[in-house]
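What follows is one structure encoded as structure tokens, with my remarks underneath.
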Amino acid sequence: MDIGIGLPNTLTVPGPLLVDWARRAEERGFSTLSTIDRIVYPTFDSLTSLAVAAGATTRIGLFTDILLPPVYPPVLLAKVTASLAAMSGGRLTLGLAVGGRPDDYAAVERPFQRRGRLMDETLDLLTRAWAGENVTGDDFPVTPDVPGSRVPVLIGGTTDAAVRRTVAYGDGWTAGGGGPAMAAPMVEKVRQAWQEAGRDGEPRLSALVYYGLGDDEASKAALRRYYGFLGQWVDAIVDGAVRTPQAAKDIARDFAGIGMTEVVFVPTVASLDEVDRLADAVL
């Protein structure tokens, strides 16, 4: 099973730290660098963060875990993602889901109530644009050539619609937290739907885990700030983060046990030595 690590793009850090983080993560042997996407929050933009990371590295994968397609103009999103995929040598994977915050949609004047339909429309356009089809009715396609004529996609979410999108458009599914026990039923649904649809091979299955190994209080505070909009449910997220090397080893083992192909540990402590602490624990 591959072990990835998140960039600290949701934390309060100086921008150049993301460059150092990306380089250290590649040096220590992580499979992937991931980001988390929000609009109405002072995060570093996901695709910008991964573009900077791509320029600072040569091998490590790049992964939006997740990006919210319905809040972006679809044609522009196709162009930006194709550009990043091409310039990084095919290292980009897009984790995509509809999200659940109305304020993100309101900020960019997109209808929250239509997010499912917008997601389907965007996935269809992205797929066609990456393949070089004309999606605007003009003389030229909008994207440069990308490796394999597509950007790999993992779909997030736990609804029947998420399973449908995974089979129709995706290369697999990504679990947005909650632990192995919560992810296991969805893993089985995805695998069954994959087989019933006649898809070749096996789906890629990724799991997100929050971690903080050097400062428990800072870790808890970061998660409470980011997920404060959930009210009492924030406690479950705060308590679910791993904060010891042994806990990191255990949850990676447990995710492997349900068939996950990758676990991505997302940082909650804004310190570069968190890369080394995690690497020492799980690699």
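Chain labels follow the order of the structure tokens: the first chain is A, the next B, and so on; residue numbering restarts at 1 in every chain, and ligands are counted from 1 in their shown order.
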From a DSSP pass on the backbone, collect the residues of stretch 120-161 of chain A flagged as helix (DSSP H, G or I) and hand them back as a PDB file with N, CA and C atoms, in the first residue's frame.
ATOM      1  N   ASP A 120     -21.867  16.412 -12.366  1.00  0.00           N
ATOM      2  CA  ASP A 120     -21.955  15.510 -13.510  1.00  0.00           C
ATOM      3  C   ASP A 120     -21.605  16.222 -14.807  1.00  0.00           C
ATOM      4  N   GLU A 121     -22.122  17.431 -14.976  1.00  0.00           N
ATOM      5  CA  GLU A 121     -21.827  18.196 -16.187  1.00  0.00           C
ATOM      6  C   GLU A 121     -20.334  18.493 -16.307  1.00  0.00           C
ATOM      7  N   THR A 122     -19.716  18.840 -15.171  1.00  0.00           N
ATOM      8  CA  THR A 122     -18.293  19.164 -15.198  1.00  0.00           C
ATOM      9  C   THR A 122     -17.452  17.930 -15.486  1.00  0.00           C
ATOM     10  N   LEU A 123     -17.777  16.801 -14.866  1.00  0.00           N
ATOM     11  CA  LEU A 123     -17.035  15.577 -15.126  1.00  0.00           C
ATOM     12  C   LEU A 123     -17.098  15.199 -16.604  1.00  0.00           C
ATOM     13  N   ASP A 124     -18.262  15.345 -17.198  1.00  0.00           N
ATOM     14  CA  ASP A 124     -18.408  15.025 -18.610  1.00  0.00           C
ATOM     15  C   ASP A 124     -17.541  15.948 -19.465  1.00  0.00           C
ATOM     16  N   LEU A 125     -17.572  17.240 -19.173  1.00  0.00           N
ATOM     17  CA  LEU A 125     -16.782  18.176 -19.960  1.00  0.00           C
ATOM     18  C   LEU A 125     -15.286  17.939 -19.778  1.00  0.00           C
ATOM     19  N   LEU A 126     -14.857  17.719 -18.527  1.00  0.00           N
ATOM     20  CA  LEU A 126     -13.440  17.464 -18.285  1.00  0.00           C
ATOM     21  C   LEU A 126     -12.955  16.267 -19.090  1.00  0.00           C
ATOM     22  N   THR A 127     -13.726  15.199 -19.048  1.00  0.00           N
ATOM     23  CA  THR A 127     -13.329  13.976 -19.745  1.00  0.00           C
ATOM     24  C   THR A 127     -13.169  14.224 -21.237  1.00  0.00           C
ATOM     25  N   ARG A 128     -14.112  14.955 -21.815  1.00  0.00           N
ATOM     26  CA  ARG A 128     -14.050  15.224 -23.252  1.00  0.00           C
ATOM     27  C   ARG A 128     -12.931  16.203 -23.599  1.00  0.00           C
ATOM     28  N   ALA A 129     -12.762  17.221 -22.764  1.00  0.00           N
ATOM     29  CA  ALA A 129     -11.716  18.214 -23.039  1.00  0.00           C
ATOM     30  C   ALA A 129     -10.332  17.596 -22.962  1.00  0.00           C
ATOM     31  N   TRP A 130     -10.066  16.781 -21.938  1.00  0.00           N
ATOM     32  CA  TRP A 130      -8.753  16.136 -21.809  1.00  0.00           C
ATOM     33  C   TRP A 130      -8.449  15.237 -22.996  1.00  0.00           C
ATOM     34  N   PRO A 147      -0.892  13.282 -20.791  1.00  0.00           N
ATOM     35  CA  PRO A 147      -0.541  11.861 -20.881  1.00  0.00           C
ATOM     36  C   PRO A 147      -1.782  10.973 -20.797  1.00  0.00           C
ATOM     37  N   GLY A 148      -1.909  10.077 -21.761  1.00  0.00           N
ATOM     38  CA  GLY A 148      -3.044   9.174 -21.760  1.00  0.00           C
ATOM     39  C   GLY A 148      -4.356   9.820 -22.136  1.00  0.00           C
ATOM     40  N   SER A 149      -4.335  11.065 -22.528  1.00  0.00           N
ATOM     41  CA  SER A 149      -5.535  11.816 -22.930  1.00  0.00           C
ATOM     42  C   SER A 149      -6.570  11.940 -21.815  1.00  0.00           C
ATOM     43  N   ASP A 160     -25.008   7.039  -3.339  1.00  0.00           N
ATOM     44  CA  ASP A 160     -25.116   6.228  -4.555  1.00  0.00           C
ATOM     45  C   ASP A 160     -24.605   7.004  -5.766  1.00  0.00           C
ATOM     46  N   ALA A 161     -24.826   8.319  -5.752  1.00  0.00           N
ATOM     47  CA  ALA A 161     -24.335   9.139  -6.861  1.00  0.00           C
ATOM     48  C   ALA A 161     -22.816   9.109  -6.935  1.00  0.00           C
TER      49      ALA A 161
END
What are the nearest atom pairs, with distances in Å to one decimal, for all residues of stretch 151-174 of chain A that come at most 9 Å from stretch 77-94 of chain A, using only C-alpha atoms, set out by chain and rising residue number as a tab-separated table?
residue	atom	partner	partner_atom	distance
A:Val151	CA	A:Thr93	CA	6.3
A:Pro152	CA	A:Thr93	CA	4.9
A:Val153	CA	A:Leu94	CA	4.8
A:Leu154	CA	A:Leu94	CA	6.1
A:Ile155	CA	A:Leu94	CA	8.3
Task: Nearby residues (only C-alpha atoms) at most 6 Å from A:Pro141, same-chain spacing under 4 positions excluded, as a PyMOL selection string - done: chain A and resi 132-134
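With only C-alpha atoms as the atoms that count, the residue of A:Leu68, A:Leu17, A:Arg164, A:Arg150 with the shortest distance to A:Phe112 is A:Leu68.
Across A:Ala25, A:Val190, A:Leu278, A:Ala131, the tightest approach to A:Thr143 is made by A:Ala131 when counting only C-alpha atoms.
Residues of stretch 88-213 of chain A assigned to strand (DSSP E or B) by DSSP on this structure's backbone: Leu92, Thr93, Leu94, Gly95, Leu96, Val153, Leu154, Ile155, Gly156, Gly172, Trp173, Thr174, Ala175, Arg204, Leu205, Ser206, Ala207, Leu208, Val209, Tyr210 and Tyr211 of chain A.
The interatomic distance for the pair atom CA of A:Leu50 and atom CA of A:Thr35 works out to 7.6 Å.
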- [ ] Name all residues at most 7 Å from A:Ala281 (count only C-alpha atoms; drop same-chain ones fewer than 6 positions away) and give them as a ChimeraX atom specification.
- [x] /A:245,248-249
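You will find atom CA of A:Asn9 at 9.1 Å from atom CA of A:Pro42.
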